[in-house]
Protein chains: 2
Amino acid sequence: MEQSIKLIKFRKALEQFIEFDDVEWEIFQNHLAFKSLNKKEYFIKEGEICNCWGFIVEGALRYYHLKDGVEITNYFSFENELASAYKSFLTKTPAQGYIQALEKTDLILILSENLQKMAENPVLSFKMERLGRKIAEFYICCYEDRVSSFVTKTPQERYLDVEKTAGKVLQRIPQRYVANFLGITPVSLSRIRKRILTVKS
Amino acid sequence: MEQSIKLIKFRKALEQFIEFDDVEWEIFQNHLAFKSLNKKEYFIKEGEICNCWGFIVEGALRYYHLKDGVEITNYFSFENELASAYKSFLTKTPAQGYIQALEKTDLILILSENLQKMAENPVLSFKMERLGRKIAEFYICCYEDRVSSFVTKTPQERYLDVEKTAGKVLQRIPQRYVANFLGITPVSLSRIRKRILTVKS
DNA sequence: CAAAAACGTTATCTTTTGTTAACGTTCTGT
DNA sequence: ACAGAACGTTAACAAAAGATAACGTTTTTG
């Protein structure tokens with residue numbers, strides 16, 4: 001995919017948060033970088049300090065960390081979504097986990113240093129502040145729902161929810177990762193799926 | 001407690017996000033309101049649209065919602081913390097649950113309309129934007145940890161964590177609410193506590 | 001293409017949790 | 001102060017989840 005098309009995609013995706021006029025966008029896009037990850041390559045590894053956030057033009061990322069040497073998957077991001085080790089990026093502390101490409105993934109990156117430059121640019125500073133706020137607020141809403149689902153719902157209910165809201169992308173993800181995401185073991189998810197199937201038929 | 005002391009407390013608490021100079025603070029504090037809730041009074045009820053966020057000068061709030069007519073407690077806020085039905089406030093959609101005072105609670109409120117006024121005030125607009133961002137980012141970090149705890153840890157581990165990090169405030173909260181917070185039933189928490197005690201001794 | 005690794009399912013057994021109910025204690029409101 | 005409600009604990013049983021291992025199948029990878 002051409003870079004110009006990627007940029008248009010990015011601009012469109014950011015419109016859910018904020019709109020840039022052409023002058024602003026011109027400056028903004030000069031502060032962006034491009035990166036591609038092959039399957040299983042890393043966006044960030046545990047212990048590193050995340051120095052950028054990314055927009056996924058195409059592909060998918062998996063967030064996981066190790067517990068007793070075993071990978072536990074926390075989260076996924078897909079095309080047209082943002083991606084970052086948010087806490088590490090914001091607090092400049094070492095990342096507590098890994099972000100890995102589930103498939104070949106094309107990214108647009110905003111590096112901390114460029115974000116800083118834009119924050120100091122009078123044309124963009126206010127807008128960048130607001131963009132940062134809007135994005136953070138968006139994720140808070142997502143998190144509110146996710147936490148609520150853990151407190152309120154059974155694993156089976158959570159699975160049915162995910163199947164309903166993200167059924168399509170689910171098929172691109174190995175099932176054991178989905179199990180982690182739901183807070184259960186792969187074996188348990190397999191049983192839940194069977195249970196649901198036998199009830200349906 | 002006198003209002004002036006409350007305001008100093010608030011200013012100090014906000015310093016973790018941003019610092020106001022005296023001129024800015026003077027304007028800021030003229031856009032604040034005060035409110036007290038008696039035990040069991042509501043900060044917000046399900047279906048209402050949250051039109052403010054609050055700073056808890058003293059007291060504690062409990063977030064819960066109803067599932068099949070039963071109260072499920074999601075979260076707590078204590079003195080020196082912020083409180084809001086965040087998603088409802090941000091998106092102007094009906095709140096999905098209740099926020100209730102666990103004890104007598106004194107609040108300082110920022111109403112949406114006053115936030116709006118400050119956002120339009122050239123002296124404060126940039127700072128309010130940044131404050132909004134910082135607060136949202138702070139909560140994202142909290143949420144990241146909380147979600148991670150559900151995915152990675154057993155209920156018993158989560159309980160031990162909470163006991164370690166919030167042992168003191170925990171004693172002010174009825175145990176069945178804590179159970180909900182951990183994503184388990186009160187009966188189950190009682191068993192976990194017994195299990196831990198017998199291991200310790 | 002072939003060997004090896006990874007994957008999802010299933011079975012078995014253990015552990016934990018949910019559910020309901022009972023009981024004594026504590027808290028609450030009148 | 002007293003009656004009623006709410007609370008935490010415990011017990012008994014059912015349901016679900018974790019752990020481990022075995023199995024065929026699919027995917028990787030050299």
# chains A, B, ... in the order shown; residues from 1 in each chain; ligands from 1
$ interface_residues --of "chain B" --to "chain C" --cutoff "8 Å" --atoms "only C-alpha atoms (C1' of nucleotides)" --output "list in words"
Ile184, Thr185 and Ser188 of chain B
$ select_by_dssp --residues "range 6-150 of chain A" --states "strand (DSSP E or B)" --output "JSON, numbers by chain"
{"A": [33, 34, 35, 36, 37, 42, 43, 44, 52, 53, 54, 55, 56, 57, 58, 60, 61, 62, 63, 64, 65, 66, 67, 70, 71, 72, 73, 74, 75, 76, 77, 78, 82, 83, 98, 99, 100, 101, 105, 106, 107, 108, 109, 110, 111]}
$ interface_residues --of "chain A" --to "chain B" --cutoff "10 Å" --atoms "only C-alpha atoms" --output "PyMOL selection string"
chain A and resi 64-67+71-75+85-88+90-91+96+125-154+179-184
$ write_last_selection --atoms "N, CA and C atoms" --output "compact mmCIF listing (two decimals), in the first residue's frame"
# COMPACT_ATOMS: atom_id res chain seq x y z
N TYR A 64 0.88 -9.39 25.24
CA TYR A 64 0.94 -10.47 26.22
C TYR A 64 2.09 -10.24 27.19
N HIS A 65 2.06 -10.98 28.27
CA HIS A 65 3.23 -10.99 29.12
C HIS A 65 3.43 -12.39 29.69
N LEU A 66 4.55 -12.56 30.33
CA LEU A 66 4.90 -13.89 30.82
C LEU A 66 4.53 -14.02 32.28
N LYS A 67 3.87 -15.12 32.60
CA LYS A 67 3.63 -15.46 34.00
C LYS A 67 4.16 -16.87 34.22
N GLU A 71 3.10 -17.54 28.30
CA GLU A 71 2.53 -16.34 27.69
C GLU A 71 1.05 -16.20 28.06
N ILE A 72 0.70 -15.02 28.54
CA ILE A 72 -0.71 -14.72 28.82
C ILE A 72 -1.10 -13.51 27.98
N THR A 73 -2.08 -13.71 27.11
CA THR A 73 -2.49 -12.64 26.20
C THR A 73 -3.55 -11.76 26.83
N ASN A 74 -3.26 -10.48 26.82
CA ASN A 74 -4.08 -9.45 27.44
C ASN A 74 -5.09 -8.82 26.50
N TYR A 75 -4.63 -8.61 25.27
CA TYR A 75 -5.37 -7.69 24.42
C TYR A 75 -4.94 -7.86 22.97
N ALA A 85 2.22 0.50 24.11
CA ALA A 85 2.32 0.08 25.50
C ALA A 85 2.04 1.34 26.29
N TYR A 86 0.78 1.62 26.45
CA TYR A 86 0.32 2.93 26.88
C TYR A 86 0.99 3.39 28.17
N LYS A 87 0.95 2.53 29.15
CA LYS A 87 1.49 2.93 30.45
C LYS A 87 2.98 3.23 30.36
N SER A 88 3.70 2.38 29.65
CA SER A 88 5.13 2.60 29.49
C SER A 88 5.39 3.89 28.75
N LEU A 90 3.45 6.53 28.51
CA LEU A 90 3.05 7.72 29.28
C LEU A 90 3.97 8.00 30.44
N THR A 91 4.41 6.94 31.09
CA THR A 91 5.17 7.15 32.32
C THR A 91 6.68 6.95 32.12
N GLN A 96 5.66 -3.72 30.76
CA GLN A 96 5.47 -4.92 31.57
C GLN A 96 5.15 -6.14 30.72
N SER A 125 0.05 22.72 18.97
CA SER A 125 0.15 22.33 20.39
C SER A 125 -1.22 22.08 21.03
N PHE A 126 -2.15 23.00 20.80
CA PHE A 126 -3.45 22.83 21.41
C PHE A 126 -4.14 21.57 20.90
N LYS A 127 -4.03 21.39 19.61
CA LYS A 127 -4.70 20.25 19.00
C LYS A 127 -4.10 18.92 19.46
N MET A 128 -2.81 18.90 19.66
CA MET A 128 -2.17 17.67 20.12
C MET A 128 -2.60 17.35 21.55
N GLU A 129 -2.71 18.40 22.33
CA GLU A 129 -3.18 18.22 23.70
C GLU A 129 -4.57 17.61 23.69
N ARG A 130 -5.41 18.17 22.86
CA ARG A 130 -6.78 17.66 22.78
C ARG A 130 -6.81 16.24 22.21
N LEU A 131 -6.01 16.01 21.20
CA LEU A 131 -5.97 14.66 20.63
C LEU A 131 -5.57 13.65 21.70
N GLY A 132 -4.55 14.01 22.46
CA GLY A 132 -4.12 13.13 23.55
C GLY A 132 -5.24 12.87 24.53
N ARG A 133 -5.97 13.92 24.82
CA ARG A 133 -7.09 13.76 25.76
C ARG A 133 -8.16 12.87 25.18
N LYS A 134 -8.52 13.13 23.94
CA LYS A 134 -9.61 12.37 23.32
C LYS A 134 -9.26 10.88 23.24
N ILE A 135 -8.03 10.61 22.87
CA ILE A 135 -7.62 9.22 22.76
C ILE A 135 -7.66 8.54 24.12
N ALA A 136 -7.12 9.24 25.11
CA ALA A 136 -7.11 8.66 26.46
C ALA A 136 -8.54 8.42 26.94
N GLU A 137 -9.41 9.37 26.67
CA GLU A 137 -10.80 9.22 27.10
C GLU A 137 -11.48 8.07 26.39
N PHE A 138 -11.16 7.91 25.14
CA PHE A 138 -11.72 6.79 24.38
C PHE A 138 -11.33 5.46 25.02
N TYR A 139 -10.06 5.35 25.38
CA TYR A 139 -9.62 4.09 25.96
C TYR A 139 -10.20 3.87 27.35
N ILE A 140 -10.43 4.95 28.07
CA ILE A 140 -11.07 4.80 29.37
C ILE A 140 -12.44 4.16 29.22
N CYS A 141 -13.19 4.61 28.23
CA CYS A 141 -14.51 4.02 28.01
C CYS A 141 -14.40 2.54 27.68
N CYS A 142 -13.43 2.18 26.85
CA CYS A 142 -13.22 0.77 26.53
C CYS A 142 -12.89 -0.03 27.79
N TYR A 143 -12.00 0.53 28.57
CA TYR A 143 -11.57 -0.17 29.78
C TYR A 143 -12.73 -0.31 30.76
N GLU A 144 -13.54 0.73 30.87
CA GLU A 144 -14.68 0.65 31.78
C GLU A 144 -15.52 -0.57 31.43
N ASP A 145 -15.79 -0.76 30.16
CA ASP A 145 -16.60 -1.89 29.73
C ASP A 145 -15.90 -3.21 30.02
N ARG A 146 -14.61 -3.23 29.77
CA ARG A 146 -13.89 -4.50 29.91
C ARG A 146 -13.84 -4.91 31.38
N VAL A 147 -13.50 -3.97 32.25
CA VAL A 147 -13.46 -4.29 33.67
C VAL A 147 -14.84 -4.74 34.13
N SER A 148 -15.84 -4.00 33.71
CA SER A 148 -17.21 -4.35 34.08
C SER A 148 -17.54 -5.78 33.67
N SER A 149 -17.06 -6.19 32.51
CA SER A 149 -17.38 -7.55 32.04
C SER A 149 -16.75 -8.61 32.94
N PHE A 150 -15.59 -8.31 33.49
CA PHE A 150 -14.95 -9.27 34.38
C PHE A 150 -15.70 -9.38 35.70
N VAL A 151 -16.20 -8.25 36.16
CA VAL A 151 -16.87 -8.23 37.46
C VAL A 151 -18.26 -8.85 37.35
N THR A 152 -18.92 -8.57 36.24
CA THR A 152 -20.34 -8.92 36.13
C THR A 152 -20.61 -10.26 35.48
N LYS A 153 -19.75 -10.64 34.56
CA LYS A 153 -20.12 -11.75 33.69
C LYS A 153 -19.31 -13.01 33.91
N THR A 154 -19.90 -14.12 33.55
CA THR A 154 -19.20 -15.40 33.59
C THR A 154 -18.32 -15.50 32.34
N ALA A 179 -8.75 -17.26 24.78
CA ALA A 179 -9.00 -17.78 26.13
C ALA A 179 -8.34 -16.89 27.17
N ASN A 180 -7.08 -16.59 26.96
CA ASN A 180 -6.38 -15.68 27.88
C ASN A 180 -7.11 -14.36 28.01
N PHE A 181 -7.49 -13.83 26.88
CA PHE A 181 -8.19 -12.54 26.86
C PHE A 181 -9.44 -12.59 27.74
N LEU A 182 -10.09 -13.74 27.76
CA LEU A 182 -11.30 -13.90 28.57
C LEU A 182 -10.99 -14.22 30.02
N GLY A 183 -9.72 -14.47 30.30
CA GLY A 183 -9.33 -14.76 31.67
C GLY A 183 -9.48 -16.23 32.05
N ILE A 184 -9.48 -17.11 31.06
CA ILE A 184 -9.61 -18.54 31.33
C ILE A 184 -8.55 -19.32 30.56
$ interface_residues --of "chain D" --to "chain B" --cutoff "9 Å" --atoms "only C-alpha atoms (C1' of nucleotides)" --output "list in words"
DC7, DG8 and DT9 of chain D
$ select_by_dssp --residues "range 28-175 of chain B" --states "alpha helix (DSSP H)" --output "PDB file with N, CA and C atoms, in the first residue's frame"
ATOM      1  N   PHE B  28     -10.148  29.275  38.370  1.00  0.00           N
ATOM      2  CA  PHE B  28     -10.566  27.870  38.444  1.00  0.00           C
ATOM      3  C   PHE B  28     -11.521  27.648  39.608  1.00  0.00           C
ATOM      4  N   GLN B  29     -11.129  28.123  40.765  1.00  0.00           N
ATOM      5  CA  GLN B  29     -11.923  27.804  41.956  1.00  0.00           C
ATOM      6  C   GLN B  29     -13.268  28.519  41.955  1.00  0.00           C
ATOM      7  N   TYR B  86     -17.489   8.190  34.504  1.00  0.00           N
ATOM      8  CA  TYR B  86     -16.622   8.753  33.477  1.00  0.00           C
ATOM      9  C   TYR B  86     -17.217   8.624  32.078  1.00  0.00           C
ATOM     10  N   LYS B  87     -17.625   7.434  31.751  1.00  0.00           N
ATOM     11  CA  LYS B  87     -18.120   7.202  30.395  1.00  0.00           C
ATOM     12  C   LYS B  87     -19.365   8.041  30.129  1.00  0.00           C
ATOM     13  N   SER B  88     -20.251   8.065  31.096  1.00  0.00           N
ATOM     14  CA  SER B  88     -21.468   8.857  30.943  1.00  0.00           C
ATOM     15  C   SER B  88     -21.132  10.333  30.795  1.00  0.00           C
ATOM     16  N   PHE B  89     -20.214  10.790  31.616  1.00  0.00           N
ATOM     17  CA  PHE B  89     -19.809  12.197  31.584  1.00  0.00           C
ATOM     18  C   PHE B  89     -19.189  12.554  30.235  1.00  0.00           C
ATOM     19  N   LEU B  90     -18.328  11.687  29.750  1.00  0.00           N
ATOM     20  CA  LEU B  90     -17.598  11.984  28.514  1.00  0.00           C
ATOM     21  C   LEU B  90     -18.480  11.898  27.286  1.00  0.00           C
ATOM     22  N   THR B  91     -19.359  10.912  27.286  1.00  0.00           N
ATOM     23  CA  THR B  91     -20.127  10.667  26.067  1.00  0.00           C
ATOM     24  C   THR B  91     -21.547  11.204  26.162  1.00  0.00           C
ATOM     25  N   SER B 112     -20.241  20.277  34.131  1.00  0.00           N
ATOM     26  CA  SER B 112     -19.947  20.348  32.698  1.00  0.00           C
ATOM     27  C   SER B 112     -19.982  21.784  32.194  1.00  0.00           C
ATOM     28  N   GLU B 113     -21.000  22.498  32.605  1.00  0.00           N
ATOM     29  CA  GLU B 113     -21.151  23.867  32.095  1.00  0.00           C
ATOM     30  C   GLU B 113     -19.973  24.742  32.517  1.00  0.00           C
ATOM     31  N   ASN B 114     -19.470  24.532  33.728  1.00  0.00           N
ATOM     32  CA  ASN B 114     -18.322  25.306  34.170  1.00  0.00           C
ATOM     33  C   ASN B 114     -17.028  24.849  33.495  1.00  0.00           C
ATOM     34  N   LEU B 115     -16.965  23.581  33.249  1.00  0.00           N
ATOM     35  CA  LEU B 115     -15.816  23.063  32.509  1.00  0.00           C
ATOM     36  C   LEU B 115     -15.791  23.691  31.120  1.00  0.00           C
ATOM     37  N   GLN B 116     -16.968  23.771  30.549  1.00  0.00           N
ATOM     38  CA  GLN B 116     -17.115  24.388  29.237  1.00  0.00           C
ATOM     39  C   GLN B 116     -16.657  25.849  29.273  1.00  0.00           C
ATOM     40  N   LYS B 117     -17.112  26.568  30.305  1.00  0.00           N
ATOM     41  CA  LYS B 117     -16.718  27.970  30.425  1.00  0.00           C
ATOM     42  C   LYS B 117     -15.203  28.112  30.537  1.00  0.00           C
ATOM     43  N   MET B 118     -14.616  27.251  31.328  1.00  0.00           N
ATOM     44  CA  MET B 118     -13.163  27.336  31.493  1.00  0.00           C
ATOM     45  C   MET B 118     -12.437  26.970  30.203  1.00  0.00           C
ATOM     46  N   ALA B 119     -13.016  26.016  29.466  1.00  0.00           N
ATOM     47  CA  ALA B 119     -12.402  25.623  28.201  1.00  0.00           C
ATOM     48  C   ALA B 119     -12.430  26.787  27.206  1.00  0.00           C
ATOM     49  N   GLU B 120     -13.393  27.689  27.409  1.00  0.00           N
ATOM     50  CA  GLU B 120     -13.500  28.837  26.500  1.00  0.00           C
ATOM     51  C   GLU B 120     -12.736  30.049  27.011  1.00  0.00           C
ATOM     52  N   SER B 125      -7.919  27.665  28.949  1.00  0.00           N
ATOM     53  CA  SER B 125      -8.334  26.625  28.004  1.00  0.00           C
ATOM     54  C   SER B 125      -7.258  25.570  27.786  1.00  0.00           C
ATOM     55  N   PHE B 126      -6.037  26.031  27.568  1.00  0.00           N
ATOM     56  CA  PHE B 126      -4.973  25.063  27.305  1.00  0.00           C
ATOM     57  C   PHE B 126      -4.752  24.167  28.514  1.00  0.00           C
ATOM     58  N   LYS B 127      -4.754  24.794  29.657  1.00  0.00           N
ATOM     59  CA  LYS B 127      -4.493  24.040  30.880  1.00  0.00           C
ATOM     60  C   LYS B 127      -5.600  23.017  31.165  1.00  0.00           C
ATOM     61  N   MET B 128      -6.829  23.373  30.869  1.00  0.00           N
ATOM     62  CA  MET B 128      -7.937  22.447  31.103  1.00  0.00           C
ATOM     63  C   MET B 128      -7.837  21.255  30.161  1.00  0.00           C
ATOM     64  N   GLU B 129      -7.437  21.568  28.951  1.00  0.00           N
ATOM     65  CA  GLU B 129      -7.250  20.492  27.976  1.00  0.00           C
ATOM     66  C   GLU B 129      -6.194  19.518  28.492  1.00  0.00           C
ATOM     67  N   ARG B 130      -5.119  20.075  28.965  1.00  0.00           N
ATOM     68  CA  ARG B 130      -4.037  19.231  29.474  1.00  0.00           C
ATOM     69  C   ARG B 130      -4.456  18.485  30.741  1.00  0.00           C
ATOM     70  N   LEU B 131      -5.167  19.177  31.611  1.00  0.00           N
ATOM     71  CA  LEU B 131      -5.647  18.517  32.821  1.00  0.00           C
ATOM     72  C   LEU B 131      -6.526  17.320  32.460  1.00  0.00           C
ATOM     73  N   GLY B 132      -7.428  17.554  31.519  1.00  0.00           N
ATOM     74  CA  GLY B 132      -8.283  16.459  31.063  1.00  0.00           C
ATOM     75  C   GLY B 132      -7.464  15.295  30.541  1.00  0.00           C
ATOM     76  N   ARG B 133      -6.436  15.625  29.805  1.00  0.00           N
ATOM     77  CA  ARG B 133      -5.580  14.565  29.259  1.00  0.00           C
ATOM     78  C   ARG B 133      -4.862  13.822  30.370  1.00  0.00           C
ATOM     79  N   LYS B 134      -4.284  14.566  31.278  1.00  0.00           N
ATOM     80  CA  LYS B 134      -3.506  13.933  32.345  1.00  0.00           C
ATOM     81  C   LYS B 134      -4.370  13.015  33.205  1.00  0.00           C
ATOM     82  N   ILE B 135      -5.557  13.494  33.518  1.00  0.00           N
ATOM     83  CA  ILE B 135      -6.450  12.676  34.336  1.00  0.00           C
ATOM     84  C   ILE B 135      -6.829  11.401  33.590  1.00  0.00           C
ATOM     85  N   ALA B 136      -7.192  11.573  32.325  1.00  0.00           N
ATOM     86  CA  ALA B 136      -7.586  10.403  31.544  1.00  0.00           C
ATOM     87  C   ALA B 136      -6.436   9.418  31.452  1.00  0.00           C
ATOM     88  N   GLU B 137      -5.236   9.937  31.252  1.00  0.00           N
ATOM     89  CA  GLU B 137      -4.078   9.054  31.143  1.00  0.00           C
ATOM     90  C   GLU B 137      -3.800   8.340  32.455  1.00  0.00           C
ATOM     91  N   PHE B 138      -3.995   9.055  33.529  1.00  0.00           N
ATOM     92  CA  PHE B 138      -3.813   8.435  34.844  1.00  0.00           C
ATOM     93  C   PHE B 138      -4.752   7.241  35.009  1.00  0.00           C
ATOM     94  N   TYR B 139      -6.002   7.436  34.629  1.00  0.00           N
ATOM     95  CA  TYR B 139      -6.955   6.347  34.791  1.00  0.00           C
ATOM     96  C   TYR B 139      -6.667   5.189  33.859  1.00  0.00           C
ATOM     97  N   ILE B 140      -6.139   5.504  32.689  1.00  0.00           N
ATOM     98  CA  ILE B 140      -5.771   4.418  31.781  1.00  0.00           C
ATOM     99  C   ILE B 140      -4.738   3.514  32.428  1.00  0.00           C
ATOM    100  N   CYS B 141      -3.765   4.111  33.088  1.00  0.00           N
ATOM    101  CA  CYS B 141      -2.737   3.301  33.760  1.00  0.00           C
ATOM    102  C   CYS B 141      -3.347   2.423  34.849  1.00  0.00           C
ATOM    103  N   CYS B 142      -4.284   2.997  35.608  1.00  0.00           N
ATOM    104  CA  CYS B 142      -4.972   2.209  36.634  1.00  0.00           C
ATOM    105  C   CYS B 142      -5.728   1.042  36.005  1.00  0.00           C
ATOM    106  N   TYR B 143      -6.447   1.352  34.939  1.00  0.00           N
ATOM    107  CA  TYR B 143      -7.239   0.323  34.285  1.00  0.00           C
ATOM    108  C   TYR B 143      -6.356  -0.771  33.699  1.00  0.00           C
ATOM    109  N   GLU B 144      -5.229  -0.374  33.138  1.00  0.00           N
ATOM    110  CA  GLU B 144      -4.323  -1.373  32.567  1.00  0.00           C
ATOM    111  C   GLU B 144      -3.969  -2.407  33.625  1.00  0.00           C
ATOM    112  N   ASP B 145      -3.638  -1.918  34.807  1.00  0.00           N
ATOM    113  CA  ASP B 145      -3.273  -2.842  35.880  1.00  0.00           C
ATOM    114  C   ASP B 145      -4.446  -3.708  36.312  1.00  0.00           C
ATOM    115  N   ARG B 146      -5.608  -3.085  36.376  1.00  0.00           N
ATOM    116  CA  ARG B 146      -6.761  -3.840  36.862  1.00  0.00           C
ATOM    117  C   ARG B 146      -7.144  -4.935  35.886  1.00  0.00           C
ATOM    118  N   VAL B 147      -7.204  -4.604  34.610  1.00  0.00           N
ATOM    119  CA  VAL B 147      -7.534  -5.621  33.609  1.00  0.00           C
ATOM    120  C   VAL B 147      -6.495  -6.728  33.647  1.00  0.00           C
ATOM    121  N   SER B 148      -5.253  -6.323  33.720  1.00  0.00           N
ATOM    122  CA  SER B 148      -4.176  -7.315  33.764  1.00  0.00           C
ATOM    123  C   SER B 148      -4.360  -8.268  34.935  1.00  0.00           C
ATOM    124  N   SER B 149      -4.817  -7.744  36.064  1.00  0.00           N
ATOM    125  CA  SER B 149      -4.985  -8.602  37.236  1.00  0.00           C
ATOM    126  C   SER B 149      -6.074  -9.650  37.017  1.00  0.00           C
ATOM    127  N   PHE B 150      -7.093  -9.292  36.248  1.00  0.00           N
ATOM    128  CA  PHE B 150      -8.153 -10.264  35.973  1.00  0.00           C
ATOM    129  C   PHE B 150      -7.668 -11.353  35.040  1.00  0.00           C
ATOM    130  N   VAL B 151      -6.835 -10.968  34.104  1.00  0.00           N
ATOM    131  CA  VAL B 151      -6.377 -11.930  33.107  1.00  0.00           C
ATOM    132  C   VAL B 151      -5.315 -12.852  33.698  1.00  0.00           C
ATOM    133  N   THR B 152      -4.475 -12.294  34.535  1.00  0.00           N
ATOM    134  CA  THR B 152      -3.293 -13.022  34.996  1.00  0.00           C
ATOM    135  C   THR B 152      -3.468 -13.747  36.312  1.00  0.00           C
ATOM    136  N   PRO B 155      -8.427 -15.294  41.863  1.00  0.00           N
ATOM    137  CA  PRO B 155      -9.120 -14.461  42.842  1.00  0.00           C
ATOM    138  C   PRO B 155      -8.313 -14.320  44.134  1.00  0.00           C
ATOM    139  N   GLN B 156      -7.710 -15.401  44.560  1.00  0.00           N
ATOM    140  CA  GLN B 156      -6.927 -15.328  45.796  1.00  0.00           C
ATOM    141  C   GLN B 156      -5.748 -14.368  45.654  1.00  0.00           C
ATOM    142  N   GLU B 157      -5.071 -14.433  44.528  1.00  0.00           N
ATOM    143  CA  GLU B 157      -3.959 -13.511  44.296  1.00  0.00           C
ATOM    144  C   GLU B 157      -4.451 -12.072  44.254  1.00  0.00           C
ATOM    145  N   ARG B 158      -5.589 -11.867  43.621  1.00  0.00           N
ATOM    146  CA  ARG B 158      -6.132 -10.510  43.557  1.00  0.00           C
ATOM    147  C   ARG B 158      -6.461 -10.004  44.953  1.00  0.00           C
ATOM    148  N   TYR B 159      -6.987 -10.896  45.778  1.00  0.00           N
ATOM    149  CA  TYR B 159      -7.315 -10.471  47.142  1.00  0.00           C
ATOM    150  C   TYR B 159      -6.056 -10.096  47.912  1.00  0.00           C
ATOM    151  N   LEU B 160      -5.032 -10.912  47.788  1.00  0.00           N
ATOM    152  CA  LEU B 160      -3.780 -10.614  48.489  1.00  0.00           C
ATOM    153  C   LEU B 160      -3.200  -9.284  48.006  1.00  0.00           C
ATOM    154  N   ASP B 161      -3.297  -9.037  46.713  1.00  0.00           N
ATOM    155  CA  ASP B 161      -2.836  -7.755  46.167  1.00  0.00           C
ATOM    156  C   ASP B 161      -3.570  -6.585  46.813  1.00  0.00           C
ATOM    157  N   VAL B 162      -4.875  -6.671  46.797  1.00  0.00           N
ATOM    158  CA  VAL B 162      -5.686  -5.581  47.334  1.00  0.00           C
ATOM    159  C   VAL B 162      -5.386  -5.394  48.814  1.00  0.00           C
ATOM    160  N   GLU B 163      -5.240  -6.491  49.508  1.00  0.00           N
ATOM    161  CA  GLU B 163      -4.946  -6.419  50.943  1.00  0.00           C
ATOM    162  C   GLU B 163      -3.623  -5.670  51.163  1.00  0.00           C
ATOM    163  N   LYS B 164      -2.667  -5.942  50.274  1.00  0.00           N
ATOM    164  CA  LYS B 164      -1.356  -5.314  50.434  1.00  0.00           C
ATOM    165  C   LYS B 164      -1.405  -3.825  50.072  1.00  0.00           C
ATOM    166  N   THR B 165      -2.037  -3.512  48.950  1.00  0.00           N
ATOM    167  CA  THR B 165      -1.980  -2.133  48.453  1.00  0.00           C
ATOM    168  C   THR B 165      -3.044  -1.235  49.074  1.00  0.00           C
ATOM    169  N   ALA B 166      -4.102  -1.823  49.591  1.00  0.00           N
ATOM    170  CA  ALA B 166      -5.194  -0.988  50.106  1.00  0.00           C
ATOM    171  C   ALA B 166      -5.767  -1.563  51.383  1.00  0.00           C
ATOM    172  N   GLY B 167      -4.950  -2.247  52.124  1.00  0.00           N
ATOM    173  CA  GLY B 167      -5.411  -2.926  53.326  1.00  0.00           C
ATOM    174  C   GLY B 167      -6.190  -2.022  54.261  1.00  0.00           C
ATOM    175  N   LYS B 168      -5.707  -0.806  54.416  1.00  0.00           N
ATOM    176  CA  LYS B 168      -6.344   0.087  55.381  1.00  0.00           C
ATOM    177  C   LYS B 168      -7.743   0.504  54.962  1.00  0.00           C
ATOM    178  N   VAL B 169      -7.851   0.997  53.738  1.00  0.00           N
ATOM    179  CA  VAL B 169      -9.169   1.449  53.290  1.00  0.00           C
ATOM    180  C   VAL B 169     -10.139   0.271  53.183  1.00  0.00           C
ATOM    181  N   LEU B 170      -9.573  -0.901  52.968  1.00  0.00           N
ATOM    182  CA  LEU B 170     -10.396  -2.100  52.833  1.00  0.00           C
ATOM    183  C   LEU B 170     -11.277  -2.300  54.054  1.00  0.00           C
ATOM    184  N   GLN B 175     -17.395  -6.446  53.290  1.00  0.00           N
ATOM    185  CA  GLN B 175     -16.628  -7.468  52.583  1.00  0.00           C
ATOM    186  C   GLN B 175     -17.296  -7.947  51.302  1.00  0.00           C
TER     187      GLN B 175
END
$ residues_around --residues "range 77-80 of chain A" --least-positions-apart "4" --cutoff "10 Å" --atoms "only C-alpha atoms (C1' of nucleotides)" --output "list in words"
Lys9, Phe10, Lys12, Ala13, Leu14, Phe55, Ile56, Val57, Glu58, Gly59, Ala60, Leu61, Arg62, Tyr63, Ser84, Ile99, Ala101, Leu102, Thr105, Asp106, Leu107 and Val169 of chain A
